[in-house]
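Encoded as structure tokens, the structure appears first; notes follow it.
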Amino acid sequence: MSNKREQIHKNCCTGEECSSEETQTTAVTERTPSCCEEETQVAAPSSACCGNDDCAEDDLTISHGQSGNSLETLEYQVKGMDCPSCAATIEKGLKKTKGVETVQVNYSTGKLTVEADFSLVSEQIPKQVRKLGFEAESVPAKTRKTMQTYTVEGMDCGSCAMTIEKHLTKNPKVNEVRVNFSTGKMQIDHDTTDENVVKEVEKAGFSASLESSGGKQTETTDKKQGVSLTTLSGLFLALGFIVSFAATTPTVSTVLYGASIIIGGYKPARSAFYAIKSGSLDMNVLMASAAIGAVLIGEWFEGAMVVWLFALGNTLQNRSIERTRESIRSLINLAPSEASVKIGDDLVRKLVEDVSVNDTIVIKPGEKIPLDGRVISGSSSVNQAPITGESMPVDKKQDDTVYAGTVNESGSLEVHVTKLVEDTTIAKIIHLVEEAQEQKAPTQAFVDRFAKIYTPIVFGLALLLMFLPPLIGLGAWGEWIYKGIALLVVACPCALVISTPVAIVSAIGNAAKNGVLIKGGTFLEKAGAIKAMAFDKTGTLTEGKPKVSEVLSLHGDQEELVRITRTIEEHSTHPIAQAISSYAAERNIAVRNGRSFKNLVGRGAQATIDGVEYFAGNPKLFHEMNVSLTDLEDRIQSLQQEGNTLVLVGTRSEVVGVIAVADPTRDIAVQAIQKLKSVGLEEMVMLTGDNDGTAKKIAAQTGVDRYFAELLPEDKVTAVKKLQEEGKSVAMVGDGINDAPALATADLGIAMGGAGTDTAMETADIVLMADNLEKLPHTISLSRRALTIIKQNVWFSLLTKFAALLLIFPGILTLWMAVLSDTGAALLVILNSMRLLRQK
């Protein structure tokens with residue numbers, strides 16, 4: 001790893017061989033003096049080394065990854081690994097090699113990926129792997145490709161995604177492929193052309209288009225073609241139905257029904273062929289089997305109706321699902337594709353991909369900001385709703401941060417670019433949301449497992465139903481084959497499989513557009529089940545910026561008291577010290593000449609002013625110096641009960657005054673807590689390191705039900721565990737940095753201010769992009785509604801299937817009714833899930 005230094009075992013200097021695995025290395029560029037036979041790069045070797053004395057371990061180190069040359073990604077195929085610990089051994093061993101930046105070993109695929117200086121490590125890596133007991137063969141660069149992303153259209157359930165995966169996996173030029181139904185995305189590593197990939201997907205009955213680096217794809221015409229084929233198929237079906245009443249012979253209507261079946265069933269039949277070839281039992285196979293079976297027993301109308309209803313249902317489902325996917329694609333289009341770059345006195349339009357960090361861009365009134373940056377000139381109001389969900393524009397001035405995708409509403413801004421297009425906040429949001437949509441929630445995982453068992457069982461039952469009763473003389477072949485075909489249609493669990501992912505995609509998309517990142521269906525479900533919510537006080541329920549609330553001088557001169565205190569606190573970065581300094585600066589109270597400044601950890605600070613030692617700190621500091629506080633006890637207690645943090649100022653013999661500092665509560669926090677209670681949360685809890693008096697006051701002001709005071713960071717973890725032990729599902733709300741342990745311990749970690757800190761975006765399960773609680777009630781309400789809709793979808797799907805199964809045996813359920821129940825149920829499930837997109 002870069003800048004990592006590994007100690008060499010000191011017996012290297014005596015000529016002995018190092019036995020410690022941690023100290024073995026093949027990073028060889030420079031020979032040490034004669035005492036060391038191992039070739040190593042040394043930094044500041046001890047002079048005692050060459051005298052065969054024991055080396056001090058700190059004196060002899062190895063430095064890696066600092067060659068300064070360009071890095072390349074190298075791939076190797078590793079043989080001999082028989083468990084994941086082998087992969088860990090190789091990673092540890094190679095990380096010590098000079099020139100190596102990163103090492104990743106995948107035990108499942110046997111692949112070793114190294115980012116390193118090629119000139120230094122090209123020969124060393126196979127040798128080092130061999131020393132560790134394995135064999136590594138280099139993968140030629142021409143066979144290595146990064147995963148490409150394609151947008152796939154036409155999938156209407158998870159089995160379609162599986163069909164595409166299985167079909168492409170059998171192609172020898174495809175190394176790896178992952179298809180996600182929820183997002184409509186396919187990621188593929190291949191050694192062929194993009195055109196061939198698209199053709200292979202089309203063979204399976206779907207359409208694909210390669211996404212550009214900006215996440216946009218080329219338009220496809222398949223959607224229009226699909227609609228026209230469905231319409232044409234329906235037209236022939238209608239003509240056949242009309243002719244069947246008018247014609248004296250059924251031949252004409254049969255021909256029309258046949259045309260309807262061929263036109264509407266061509267794509268499903270082709271997809272079914274490749275699904276069977278790849279060993280997948282998807283809905284295309286079931287529907288094609290049903291249509292063919294209907295034709296074989298002479299039910300041409302039923303067969304045509306099956307095909308048309310199936311095609312129509314697919315078209316409507318695809319359109320509906322595309323609307324849910326657009327919730328994320330619309331985010332991609334938020335940021336403009338070009339920026340006005342200032343070069344000298346000229347403005348040059350450039351693609352955002354061509355703009356570098358440290359370039360200066362100009363954003364005129366009404367324009368969208370193309371890249372993240374820092375304002376260096378101008379002032380304006382910026383609408384940050386696309387990022388943070390805040391309804392009101394935010395004023396921006398020099399040194400403020402602006403984000404790509406937000407709108408400059410009034411003045412012109414000159415902005416110093418701080419992030420490349422792929423690293424902007426909006427890019428991270430899109431990436432995190434797409435990742436979240438690809439993760440399966442517990443309910444979805446259960447449904448998928450159920451579907452994998454249900455479909456083949458019902459398929460087998462359908463075959464038995466077709467052949468067993470007639471064979472044992474319980475009825476005519478035509479009757480039982482018809483019932484078996486109907487059962488084939490019912491065997492497709494489309495509505496059930498769709499029930500969860502579409503709801504999750506809709507909810508996550510809604511949240512993202514409102515400035516909330518939910519990092520997966522698991523966390524969406526957890527948020528819907530939360531019973532108690534714990535808040536960190538400072539910066540969450542309060543503004544996090546303490547202000548002086550009262551100045552009490554025991555000698556009458558308040559200005560002199562503030563002057564002395566400012567002198568002591570001027571060199572401190574503590575929030576309370578800064579609050580006092582700001583208070584003095586606003587009133588033009590200057591500092592006095594001080595010296596011998598000292599920070600007293602956990603108690604306060606001191607300085608010598610005009611030869612006198614002054615102290616500013618908490619009551620504990622003065623108790624330790626045996627300074628009497630008897631006359632102040634009542635006042636101290638009163639101020640603390642009112643929610644103030646106290647700074648006592650004085651000498652070693654007396655207290656000359658008290659300055660009270662308070663952290664104002666956020667108005668939005670009070671509203672948020674009331675709304676959270678209204679959406680059904682049972683208990684609001686505040687965690688704080690402040691004294692009991694302050695905690696009690698803030699709790700009363702904000703409306704929390706319970707508080708834990710005087711907590712250290714590790715105590716917050718204990719408090720969360722205590723709530724969990726009481727049987728509650730607990731969410732923890734904090735800033736994602738200081739509260740990381742508590743966020744990790746809680747059932748659900750919620751971080752605020754994600755737009756301002758990458759740490760918050762990485763550590764929490766849910767991220768509020770704005771630095772306030774405004775969107776938290778919406779998030780909980782959305783999650784709970786999503787859970788309700790998922791339950792509705794699952795039960796509706798199961799009951800529909802159960803009812804259809806019961807109606808097959810008495811002969812009530814016709815073939816077209818079976819198709820209608822299947823595609824209709826799937827469409828209703830999708831439409832029900834899409835209600836989450838509209839929740840405000």
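Chain labels A, B, ... are given in the sequence in which chains occur in the structure tokens; within each chain residues are numbered consecutively from 1, and ligands are likewise numbered from 1 in the order shown.
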Subject >> Polymer residues at most 12 Å from Asp557 of chain A, only C-alpha atoms, same-chain spacing of 6 or more positions, as a ChimeraX atom specification >> reply: /A:551,563-564,656-658
**OP:** List every residue of segment 154-386 of chain A that DSSP, applied to the backbone, labels as strand (DSSP E), and write the result as a ChimeraX atom specification.
**Re:** /A:174-180,185-190,207-210,338-343,346-351,360-363,373-377,380-383
**OP:** State, in Å with one decimal place, the distance from atom CA of Ile429 of chain A to atom CA of Leu517 of chain A.
**Re:** 7.2 Å
**OP:** May I ask which of the residues A:Lys173, A:Lys185, A:Lys675, A:Lys111 is the closest one to Thr702 of chain A, counting only C-alpha atoms?
**Re:** A:Lys675
Original post:
Residues at most 10 Å from Phe241 of chain A, counting only C-alpha atoms, excluding those fewer than 6 positions away in the same chain, as an NGL selection string?
Top reply: :A and (235 or 253-254 or 256-257 or 301)
Generate the output file for the selected residues, C-alpha atoms, as a CSV table (one decimal), in the first residue's frame.
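Output file out-v1.csv follows:
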```
chain,number,residue,atom,x,y,z
A,235,LEU,CA,-56.4,-6.7,-34.8
A,253,SER,CA,-61.4,-17.5,-38.5
A,254,THR,CA,-58.8,-20.2,-37.8
A,256,LEU,CA,-56.9,-15.2,-38.7
A,257,TYR,CA,-56.3,-16.6,-35.2
A,301,PHE,CA,-59.3,-18.7,-30.2
```
**OP:** Mind checking which residues fall within 10 Å of Asp610 of chain A, counting only C-alpha atoms, ignoring those fewer than 5 positions away in the same chain, and posting them as number ranges by chain?
**Re:** A: 592-595
Filtering to all heavy atoms, could you give me those residues as a PDB file, in the first residue's frame?
```
ATOM      1  N   ARG A 592      -6.341  41.129  25.588  1.00  0.00           N
ATOM      2  CA  ARG A 592      -5.230  41.716  26.331  1.00  0.00           C
ATOM      3  C   ARG A 592      -3.954  40.941  26.015  1.00  0.00           C
ATOM      4  O   ARG A 592      -3.988  39.874  25.420  1.00  0.00           O
ATOM      5  CB  ARG A 592      -5.537  41.677  27.831  1.00  0.00           C
ATOM      6  CG  ARG A 592      -6.653  42.651  28.217  1.00  0.00           C
ATOM      7  CD  ARG A 592      -7.040  42.549  29.676  1.00  0.00           C
ATOM      8  NE  ARG A 592      -5.904  42.834  30.556  1.00  0.00           N
ATOM      9  CZ  ARG A 592      -6.005  42.932  31.889  1.00  0.00           C
ATOM     10  NH1 ARG A 592      -7.186  42.767  32.473  1.00  0.00           N
ATOM     11  NH2 ARG A 592      -4.954  43.173  32.627  1.00  0.00           N
ATOM     12  N   ASN A 593      -2.830  41.483  26.430  1.00  0.00           N
ATOM     13  CA  ASN A 593      -1.557  40.800  26.195  1.00  0.00           C
ATOM     14  C   ASN A 593      -1.442  39.604  27.136  1.00  0.00           C
ATOM     15  O   ASN A 593      -1.445  39.772  28.358  1.00  0.00           O
ATOM     16  CB  ASN A 593      -0.379  41.761  26.414  1.00  0.00           C
ATOM     17  CG  ASN A 593      -0.331  42.818  25.325  1.00  0.00           C
ATOM     18  OD1 ASN A 593      -0.661  42.545  24.179  1.00  0.00           O
ATOM     19  ND2 ASN A 593       0.069  44.034  25.694  1.00  0.00           N
ATOM     20  N   GLY A 594      -1.340  38.455  26.575  1.00  0.00           N
ATOM     21  CA  GLY A 594      -1.225  37.259  27.394  1.00  0.00           C
ATOM     22  C   GLY A 594      -0.035  36.418  26.973  1.00  0.00           C
ATOM     23  O   GLY A 594       0.513  36.575  25.885  1.00  0.00           O
ATOM     24  N   ARG A 595       0.358  35.510  27.845  1.00  0.00           N
ATOM     25  CA  ARG A 595       1.436  34.584  27.539  1.00  0.00           C
ATOM     26  C   ARG A 595       1.216  33.301  28.339  1.00  0.00           C
ATOM     27  O   ARG A 595       0.282  33.219  29.141  1.00  0.00           O
ATOM     28  CB  ARG A 595       2.802  35.211  27.876  1.00  0.00           C
ATOM     29  CG  ARG A 595       2.971  35.635  29.309  1.00  0.00           C
ATOM     30  CD  ARG A 595       4.307  36.337  29.545  1.00  0.00           C
ATOM     31  NE  ARG A 595       4.458  36.777  30.937  1.00  0.00           N
ATOM     32  CZ  ARG A 595       4.857  36.006  31.938  1.00  0.00           C
ATOM     33  NH1 ARG A 595       5.128  34.724  31.692  1.00  0.00           N
ATOM     34  NH2 ARG A 595       4.964  36.469  33.162  1.00  0.00           N
TER      35      ARG A 595
END
```
Original post:
Near Glu322 of chain A, counting only C-alpha atoms, which residues have an atom at most 9 Å away, once you skip same-chain residues fewer than 6 positions from it, shown as a list of chain:residue names?
Top reply: A:Glu153, A:Thr183, A:Gly184
Subject >> Residue contacts of segment 635-646 of chain A (6 Å, only C-alpha atoms) excluding same-chain residues fewer than 6 positions away, as number ranges by chain >> reply: A: 659-662, 693-694, 697
**OP:** Any chance you could list, as a PyMOL selection string, the residues in segment 234-358 of chain A that come up helix (DSSP H, G or I) when DSSP is run on the backbone?
**Re:** chain A and resi 234-246+251-277+283-296+300-332+352-354
**OP:** Would you mind listing what lies within 12 Å of segment 802-809 of chain A as a PyMOL selection string, with only C-alpha atoms counted and same-chain residues fewer than 2 positions away left out?
**Re:** chain A and resi 458+461-462+465-466+469+479-493+496+795-800+811-822+825
Original post:
How far is it from atom CA of Val720 of chain A to atom CA of Ala511 of chain A, in Å with one decimal?
Top reply: 25.9 Å
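Ranking A:Met162, A:Ala709, A:Val829, A:Ala476 by their shortest atom-to-atom distance to Asp282 of chain A, with only C-alpha atoms included, puts A:Met162 first.
Candidate residues A:Ile164, A:Met686, A:Val704, A:Val139 were compared for distance to Tyr274 of chain A, and the nearest is A:Ile164, using only C-alpha atoms.
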**OP:** For atom CA of Gln558 of chain A and atom CA of Ile576 of chain A, quote the distance in Å rounded to one decimal.
**Re:** 18.0 Å
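Using only C-alpha atoms, the shortest contact distance between Met155 of chain A and any of A:Leu773, A:Val285, A:Leu464, A:Ile498 is found at A:Ile498.
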Subject >> Proximity to Gln578 of chain A - best of A:Ser379, A:Gln398, A:Thr565, A:Asn284, only C-alpha atoms >> reply: A:Thr565
Subject >> Pick from A:Ala208, A:Leu371, A:Ala764, A:Ala534, whichever lies nearest to Lys721 of chain A using only C-alpha atoms >> reply: A:Ala534
